[in-house]
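Peer 1: Next up is a structure, given as structure tokens.
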Amino acid sequence: MPRALWTGNVSFGLLNVPVQLITADRSSEISLRMIDKRDENPIKFKRVNSVTGSEVPWEKIAKAYEYENGEFVTLTDEDFKQAAPKGGQSIDIEKFVDRTAISPAYFERPYYLVPGKKAEKAYVLLRETLKKTDKLGLARVVLRTKEYLCAVAPDEDALMLLILRFPEEIVPADELDFPGKASEYRITERELQMAGQLIESMEDEFDPKDFKNDYADRLDKMIQKKLGAKGATKAKAKPKTAEGEPTTNVVDFMSLLKQSIAKGKRTGAAPAAAKTPARKKAAAKAPSRATAPKKRKVAGAR
């Protein structure tokens, strides 16, 4: 199994599900290097002072915000520490929403949530409840030093953590010029009917196996051909697999569910083995588009 990027808990009400966060996407692009075509030597990039032209070592590099052209305010490591979110090892679900309530523009990157030891029952309970209600759980998570908005969603046997963009990270649609009502463009009912029939004739089930990165395949064949001409071969690593041991869970879920419903508030959760409810935690609301602060770019930061 791939290495876990983060280990913590998913909590809703008083239920707590220990999980590991595993990357759910992988690049299919072929890694390429830049070389000098005269002698095929790799090209290196240097960090140079724009005024003196001399190379600057890493220990002499700082990050700064350019508030005017050529004018900077320098930020220290301590500044970044104070600004960083106070992250914990918990994904506290703040609310549940319909799966169709979130625009596709908000979805950014998927991760798998893999249950920890003796957490299978709580994991399956949350997964099946989300399936039955057709809901997503909205929460926040701190990965490394950055806080993300996220959604917990079921996908067949898995629970996934979907990283979402904040409102200020999306270009509002009203800033662009889109066509208006169909009547303004003299689209007739007959044209809509014919277009609908065309879509129905092309309707099919979605099978990911039907789609491949053809460009990467063609480029790989070209590389293999060139390697063959040089008498070399490109080795391909085989993925490793690991099997986990089945475990059981003896937590009294009915009791925790009843207590959560009785409280009637969205709160964080105590560990699964705890016998007393955790203290209430105020749910932070996601910033609205109208009040979202303008995103500033820090020079030198990615």
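Labels used: A, B, ... for chains in the order of the structure tokens, numbers from 1 for residues in each chain, and numbers from 1 for ligands as shown.
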Leaving out Leu143 (chain A) and any residue of its chain fewer than 6 positions from it, which residues lie within 12 Å of it when counting only C-alpha atoms, given as a PyMOL selection string?
Peer 2: chain A and resi 4-8+21+84-91+111+149-150+163
Peer 1: Might you pull out every residue within 12 Å of Pro172 (chain A), with only C-alpha atoms counted and same-chain residues fewer than 2 positions away left off, and present them as an mmCIF file with C-alpha atoms, in the first residue's frame?
Peer 2:
data_model
loop_
_atom_site.group_PDB
_atom_site.id
_atom_site.type_symbol
_atom_site.label_atom_id
_atom_site.label_comp_id
_atom_site.auth_asym_id
_atom_site.auth_seq_id
_atom_site.Cartn_x
_atom_site.Cartn_y
_atom_site.Cartn_z
ATOM 1 C CA SER A 103 -20.238 23.046 -8.276
ATOM 2 C CA ALA A 105 -15.408 24.160 -10.105
ATOM 3 C CA TYR A 106 -14.738 23.610 -6.381
ATOM 4 C CA PHE A 166 -12.170 28.204 -1.353
ATOM 5 C CA PRO A 167 -14.548 30.714 -2.996
ATOM 6 C CA GLU A 168 -11.779 33.290 -3.496
ATOM 7 C CA GLU A 169 -9.820 30.735 -5.544
ATOM 8 C CA ILE A 170 -12.537 30.530 -8.208
ATOM 9 C CA ASP A 174 -20.405 36.707 -13.804
ATOM 10 C CA GLU A 175 -16.972 38.119 -14.702
ATOM 11 C CA LEU A 176 -17.210 36.320 -18.061
ATOM 12 C CA ASP A 177 -19.577 36.732 -20.988
ATOM 13 C CA PHE A 178 -21.805 33.664 -21.471
ATOM 14 C CA ARG A 289 -17.693 34.791 -1.665
ATOM 15 C CA ALA A 290 -18.833 38.268 -0.653
#
Peer 1: Could you write out, as JSON, numbers by chain, all the residues of region 42-283 of chain A that DSSP marks as helix (DSSP H, G or I)?
Peer 2: {"A": [58, 59, 60, 77, 78, 79, 80, 81, 82, 83, 99, 100, 101, 104, 105, 106, 120, 121, 122, 123, 124, 125, 126, 127, 128, 129, 130, 131, 132, 133, 167, 168, 169, 173, 174, 175, 182, 183, 184, 185, 189, 190, 191, 192, 193, 194, 195, 196, 197, 198, 199, 200, 201, 208, 209, 210, 214, 215, 216, 217, 218, 219, 220, 221, 222, 223, 224, 225, 226, 227, 228, 229, 230, 253, 254, 255, 256, 257, 258, 259, 260, 261, 262, 263]}
Peer 1: For CA of Lys44 (chain A) and CA of Lys63 (chain A), quote the distance in Å rounded to one decimal.
Peer 2: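 Going from CA of Lys44 (chain A) over to CA of Lys63 (chain A), I get 22.1 Å.
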Peer 1: Tell me which protein, DNA and RNA residues are within 12 Å of Ser27 (chain A), counting only C-alpha atoms, leaving out same-chain ones fewer than 4 positions away, and put them as a VMD selection string.
Peer 2: chain A and resid 23 31 213 216
Peer 1: Any chance you can output those residues with N, CA and C atoms as a PDB file, in the first residue's frame?
Peer 2:
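Contents of again_28.pdb, freshly written:
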ATOM      1  N   THR A  23      -2.858   9.286  -1.264  1.00  0.00           N
ATOM      2  CA  THR A  23      -3.081   9.966  -2.541  1.00  0.00           C
ATOM      3  C   THR A  23      -3.864   9.072  -3.485  1.00  0.00           C
ATOM      4  N   SER A  31       8.361  11.835 -17.338  1.00  0.00           N
ATOM      5  CA  SER A  31       9.287  12.839 -16.829  1.00  0.00           C
ATOM      6  C   SER A  31      10.399  13.102 -17.842  1.00  0.00           C
ATOM      7  N   ASN A 213      -4.426   7.855 -21.629  1.00  0.00           N
ATOM      8  CA  ASN A 213      -3.583   8.975 -22.037  1.00  0.00           C
ATOM      9  C   ASN A 213      -2.807   8.543 -23.275  1.00  0.00           C
ATOM     10  N   ALA A 216       0.779  10.025 -23.873  1.00  0.00           N
ATOM     11  CA  ALA A 216       1.846   9.427 -23.071  1.00  0.00           C
ATOM     12  C   ALA A 216       2.253   8.071 -23.643  1.00  0.00           C
TER      13      ALA A 216
END
